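To keep things clear, I will list the structure first and then write my remarks on it.
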Amino acid sequence: MENIFYADIVDIDVNVYQKVQIDRISMNPYFVVCKYVEANGKEYLFKSKSLLYNPSALIKEKQLKIYVDLKNPKKYYVDTSSILPDSAVLHKFKFDSRGKERALLKEGNYINAVTCGVELVGRIKVNSIVKPMFLKVTDSLSEQFKTPVDEKNRAFMGYTVLCRYDAPDGKIHIFASRGQWGEPQRDYQGENVRVYYSGKNYESYHVDLNSIGL
């Protein structure tokens, strides 16, 4: 018998032990952790499926719907469709090309999107070699290699800015800016930004961070 209830969102994390590659771009997937507490105080933690984007800035609610097999509570499903529909188009796996930036700006075709957070780019430099993927490092190593770490001691060297475009036909499009070095100085949420493009399905695009707020 299946039961449906709502559990509180308690964490959003990166799976440092998994790596996915789409269109030559490698990344560590994200997941959402939810907690449900019974009347008797017993707690249950549920982890969503792997997500190919950082949902932090897309979450508007405090809870997610959970489907659980009452005969076997280990069988469950966290419904993340309220964060971002499965039908959303993730253009983030197409390169925001520096080489095409000038041409796209010159053509002048753009859509008005809204920033919806950042994704850290996991890296650490050892002996002048940049190691990919998120790595958990000690404070001493972080200081030694001048590499910022987040609150969970994961090393990174840069970030991309995500933005969302809700098209007139109802489709949701998510774009990612070209990688930026260093640590983001703000959360990049809810700001207007232009996405220059060519092609009917945005075959090439450029997120113009200089246009934020225009």
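Numbering starts fresh at 1 for the residues of each chain in the structure tokens, the chains themselves are lettered A, B, ... in the order given, and ligands are numbered from 1 as they appear.
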- Message: I'd like the contact shell of Asn201 in chain A - 12 Å cut-off, only C-alpha atoms, skipping same-chain residues fewer than 2 positions apart - returned as a list in words.
- Response: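 Skipping anything fewer than 2 positions along the chain leaves Val89, Leu90, His91, Lys94, Ala167, Lys171, His173, Tyr197, Ser198, Gly199, Glu203, Ser204 and Tyr205 of chain A.
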- Close residues, Tyr76 in chain A itself excluded, 9 Å, only C-alpha atoms, min 5 positions apart in chain, as a count of residues only: 6
- Task: Find the spatial neighbours of Lys106 in chain A, counting only C-alpha atoms, within a cut-off of 10 Å - ignore same-chain residues fewer than 5 positions away - and output them as a ChimeraX atom specification.
- Result: /A:100-101,196
- Message: Could you list, as a PyMOL selection string, every residue within 12 Å of Pro85 in chain A, counting only C-alpha atoms and ignoring same-chain residues fewer than 3 positions away?
- Response: chain A and resi 51+55+58-59+79-82+88-90+166+170-174
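Minimum atom-to-atom distances from A:Trp181, A:Tyr165, A:Phe175, A:Tyr36 to Val121 in chain A were compared using only C-alpha atoms, and the lowest value belongs to A:Trp181.
Atom pair CA of Val10 in chain A / CA of Lys60 in chain A: separated by 13.6 Å.
The strand (DSSP E or B) portion of range 29-81 of chain A consists of Tyr30, Phe31, Val32, Val33, Cys34, Lys35, Tyr36, Val37, Glu43, Tyr44, Leu45, Phe46, Lys47, Leu51, Gln63, Leu64, Lys65, Ile66, Tyr67, Val68, Asp69, Tyr76, Tyr77, Val78 and Asp79 of chain A, with states taken from DSSP on the backbone.
Minimum atom-to-atom distances from A:Leu64, A:Val37, A:Leu52, A:Cys163 to Ile25 in chain A were compared using only C-alpha atoms, and the lowest value belongs to A:Leu52.
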- Task: Skip Asn28 in chain A itself and residues of its chain fewer than 3 positions away, then list as a PyMOL selection string all residues within 6 Å of it, counting only C-alpha atoms.
- Result: chain A and resi 15+18-19
If you keep N, CA, C and O atoms, can you produce a file of those selected residues as a PDB file, in the first residue's frame?
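Here's the written file part-v3.pdb:
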```pdb
ATOM      1  N   ASN A  15      26.429  15.377  -4.786  1.00  0.00           N
ATOM      2  CA  ASN A  15      26.939  14.019  -4.644  1.00  0.00           C
ATOM      3  C   ASN A  15      28.386  13.996  -5.127  1.00  0.00           C
ATOM      4  O   ASN A  15      28.655  13.941  -6.324  1.00  0.00           O
ATOM      5  N   GLN A  18      29.554  10.800  -7.260  1.00  0.00           N
ATOM      6  CA  GLN A  18      28.976  10.475  -8.556  1.00  0.00           C
ATOM      7  C   GLN A  18      29.305  11.572  -9.551  1.00  0.00           C
ATOM      8  O   GLN A  18      29.377  12.751  -9.202  1.00  0.00           O
ATOM      9  N   LYS A  19      29.520  11.183 -10.775  1.00  0.00           N
ATOM     10  CA  LYS A  19      29.833  12.150 -11.819  1.00  0.00           C
ATOM     11  C   LYS A  19      29.057  11.769 -13.068  1.00  0.00           C
ATOM     12  O   LYS A  19      29.013  10.601 -13.443  1.00  0.00           O
TER      13      LYS A  19
END
```
Helix (DSSP H, G or I) residues, from DSSP on the backbone, in range 43-170 of chain A, as an mmCIF file with N, CA, C and O atoms, in the first residue's frame:
```cif
data_model
loop_
_atom_site.group_PDB
_atom_site.id
_atom_site.type_symbol
_atom_site.label_atom_id
_atom_site.label_comp_id
_atom_site.auth_asym_id
_atom_site.auth_seq_id
_atom_site.Cartn_x
_atom_site.Cartn_y
_atom_site.Cartn_z
ATOM 1 N N SER A 56 18.466 25.087 -5.527
ATOM 2 C CA SER A 56 18.346 25.957 -4.346
ATOM 3 C C SER A 56 17.445 27.159 -4.581
ATOM 4 O O SER A 56 16.533 27.439 -3.804
ATOM 5 N N ALA A 57 17.700 27.891 -5.658
ATOM 6 C CA ALA A 57 16.957 29.132 -5.888
ATOM 7 C C ALA A 57 15.612 28.897 -6.559
ATOM 8 O O ALA A 57 14.853 29.837 -6.749
ATOM 9 N N LEU A 58 15.319 27.650 -6.929
ATOM 10 C CA LEU A 58 14.049 27.345 -7.582
ATOM 11 C C LEU A 58 13.005 26.863 -6.596
ATOM 12 O O LEU A 58 11.845 26.696 -6.938
ATOM 13 N N HIS A 91 19.578 23.910 -21.054
ATOM 14 C CA HIS A 91 20.569 24.310 -22.055
ATOM 15 C C HIS A 91 21.959 24.432 -21.434
ATOM 16 O O HIS A 91 22.926 24.671 -22.154
ATOM 17 N N LYS A 92 22.056 24.272 -20.138
ATOM 18 C CA LYS A 92 23.338 24.423 -19.454
ATOM 19 C C LYS A 92 24.393 23.450 -19.967
ATOM 20 O O LYS A 92 25.579 23.632 -19.741
ATOM 21 N N PHE A 93 23.948 22.408 -20.689
ATOM 22 C CA PHE A 93 24.908 21.452 -21.206
ATOM 23 C C PHE A 93 25.398 21.807 -22.611
ATOM 24 O O PHE A 93 26.102 21.036 -23.242
ATOM 25 N N ARG A 98 32.832 31.505 -25.448
ATOM 26 C CA ARG A 98 33.497 32.802 -25.537
ATOM 27 C C ARG A 98 33.711 33.187 -26.997
ATOM 28 O O ARG A 98 33.609 34.351 -27.377
ATOM 29 N N GLY A 99 33.987 32.177 -27.838
ATOM 30 C CA GLY A 99 34.238 32.458 -29.243
ATOM 31 C C GLY A 99 33.021 32.998 -29.965
ATOM 32 O O GLY A 99 33.149 33.780 -30.915
ATOM 33 N N LYS A 100 31.825 32.586 -29.540
ATOM 34 C CA LYS A 100 30.608 33.027 -30.215
ATOM 35 C C LYS A 100 29.968 34.250 -29.535
ATOM 36 O O LYS A 100 29.002 34.790 -30.050
ATOM 37 N N GLU A 101 30.509 34.646 -28.397
ATOM 38 C CA GLU A 101 29.907 35.759 -27.643
ATOM 39 C C GLU A 101 29.802 37.017 -28.491
ATOM 40 O O GLU A 101 28.736 37.636 -28.582
ATOM 41 N N ARG A 102 30.892 37.412 -29.142
ATOM 42 C CA ARG A 102 30.896 38.655 -29.919
ATOM 43 C C ARG A 102 29.879 38.600 -31.053
ATOM 44 O O ARG A 102 29.140 39.558 -31.296
ATOM 45 N N ALA A 103 29.817 37.446 -31.749
ATOM 46 C CA ALA A 103 28.887 37.307 -32.871
ATOM 47 C C ALA A 103 27.444 37.374 -32.389
ATOM 48 O O ALA A 103 26.595 38.023 -33.029
ATOM 49 N N LEU A 104 27.146 36.730 -31.268
ATOM 50 C CA LEU A 104 25.776 36.739 -30.747
ATOM 51 C C LEU A 104 25.367 38.141 -30.294
ATOM 52 O O LEU A 104 24.236 38.569 -30.522
ATOM 53 N N LEU A 105 26.280 38.848 -29.649
ATOM 54 C CA LEU A 105 25.977 40.217 -29.223
ATOM 55 C C LEU A 105 25.739 41.112 -30.440
ATOM 56 O O LEU A 105 24.871 41.987 -30.419
ATOM 57 N N LYS A 106 26.511 40.886 -31.495
ATOM 58 C CA LYS A 106 26.365 41.696 -32.708
ATOM 59 C C LYS A 106 25.032 41.422 -33.386
ATOM 60 O O LYS A 106 24.367 42.355 -33.868
ATOM 61 N N GLU A 107 24.609 40.131 -33.407
ATOM 62 C CA GLU A 107 23.319 39.790 -34.019
ATOM 63 C C GLU A 107 22.172 40.429 -33.247
ATOM 64 O O GLU A 107 21.165 40.827 -33.816
ATOM 65 N N ASP A 139 41.106 22.499 6.144
ATOM 66 C CA ASP A 139 41.334 23.944 6.115
ATOM 67 C C ASP A 139 42.775 24.263 5.735
ATOM 68 O O ASP A 139 43.048 25.242 5.041
ATOM 69 N N SER A 140 43.709 23.422 6.197
ATOM 70 C CA SER A 140 45.123 23.674 5.907
ATOM 71 C C SER A 140 45.421 23.534 4.416
ATOM 72 O O SER A 140 46.158 24.326 3.835
ATOM 73 N N LEU A 141 44.812 22.524 3.768
ATOM 74 C CA LEU A 141 45.001 22.363 2.328
ATOM 75 C C LEU A 141 44.340 23.495 1.556
ATOM 76 O O LEU A 141 44.881 23.978 0.563
ATOM 77 N N SER A 142 43.180 23.914 2.020
ATOM 78 C CA SER A 142 42.493 25.020 1.376
ATOM 79 C C SER A 142 43.356 26.270 1.407
ATOM 80 O O SER A 142 43.477 26.989 0.411
ATOM 81 N N GLU A 143 43.970 26.512 2.549
ATOM 82 C CA GLU A 143 44.830 27.688 2.686
ATOM 83 C C GLU A 143 46.098 27.540 1.854
ATOM 84 O O GLU A 143 46.557 28.484 1.211
ATOM 85 N N GLN A 144 46.654 26.321 1.838
ATOM 86 C CA GLN A 144 47.891 26.070 1.102
ATOM 87 C C GLN A 144 47.726 26.307 -0.393
ATOM 88 O O GLN A 144 48.576 26.921 -1.034
#
```
- Query: Contacts of Thr160 in chain A at 10 Å or less, counting only C-alpha atoms, minus same-chain residues fewer than 6 places along, as a list in words?
  - Reply: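 These residues fall inside the cut-off: Lys92, Gly117, Val118, Glu119, Leu120, Val121, Phe175, Ala176, Ser177, Arg178, Gly179, Gln180, Trp181 and Pro184 of chain A.
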Saved selection, atoms kept: C-alpha atoms, as a compact mmCIF listing (two decimals), in the first residue's frame:
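See again.txt below for the written result:
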```txt
# COMPACT_ATOMS: atom_id res chain seq x y z
CA LYS A 92 23.34 24.42 -19.45
CA GLY A 117 21.22 30.87 -8.39
CA VAL A 118 24.73 29.60 -8.94
CA GLU A 119 26.44 26.24 -9.30
CA LEU A 120 29.89 25.86 -7.85
CA VAL A 121 32.51 24.38 -10.15
CA PHE A 175 20.77 28.40 -19.10
CA ALA A 176 24.16 28.56 -17.41
CA SER A 177 26.68 31.33 -17.88
CA ARG A 178 30.27 30.77 -18.82
CA GLY A 179 32.39 29.71 -15.84
CA GLN A 180 33.54 32.48 -13.52
CA TRP A 181 36.68 32.11 -11.43
CA PRO A 184 30.40 34.34 -6.06
```
- Query: Between CA of Ile111 in chain A and CA of Asn192 in chain A, what is the spacing in Å?
  - Reply: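 About the pair CA of Asn192 in chain A and CA of Ile111 in chain A: they are 10.2 Å apart.
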- Item | Counting only C-alpha atoms, the residue of A:Asn153, A:Ser48, A:Gln185, A:Thr115 that sits nearest Asp208 in chain A | A:Thr115
- Message: Using only C-alpha atoms, can you tell me which of A:Val193, A:Val207, A:Ile9, A:Met157 comes closest to Gly122 in chain A?
- Response: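 Closest to Gly122 in chain A of all the choices is A:Met157.
Note that the spacing between CA of Phe145 in chain A and CA of Ile124 in chain A amounts to 7.6 Å.
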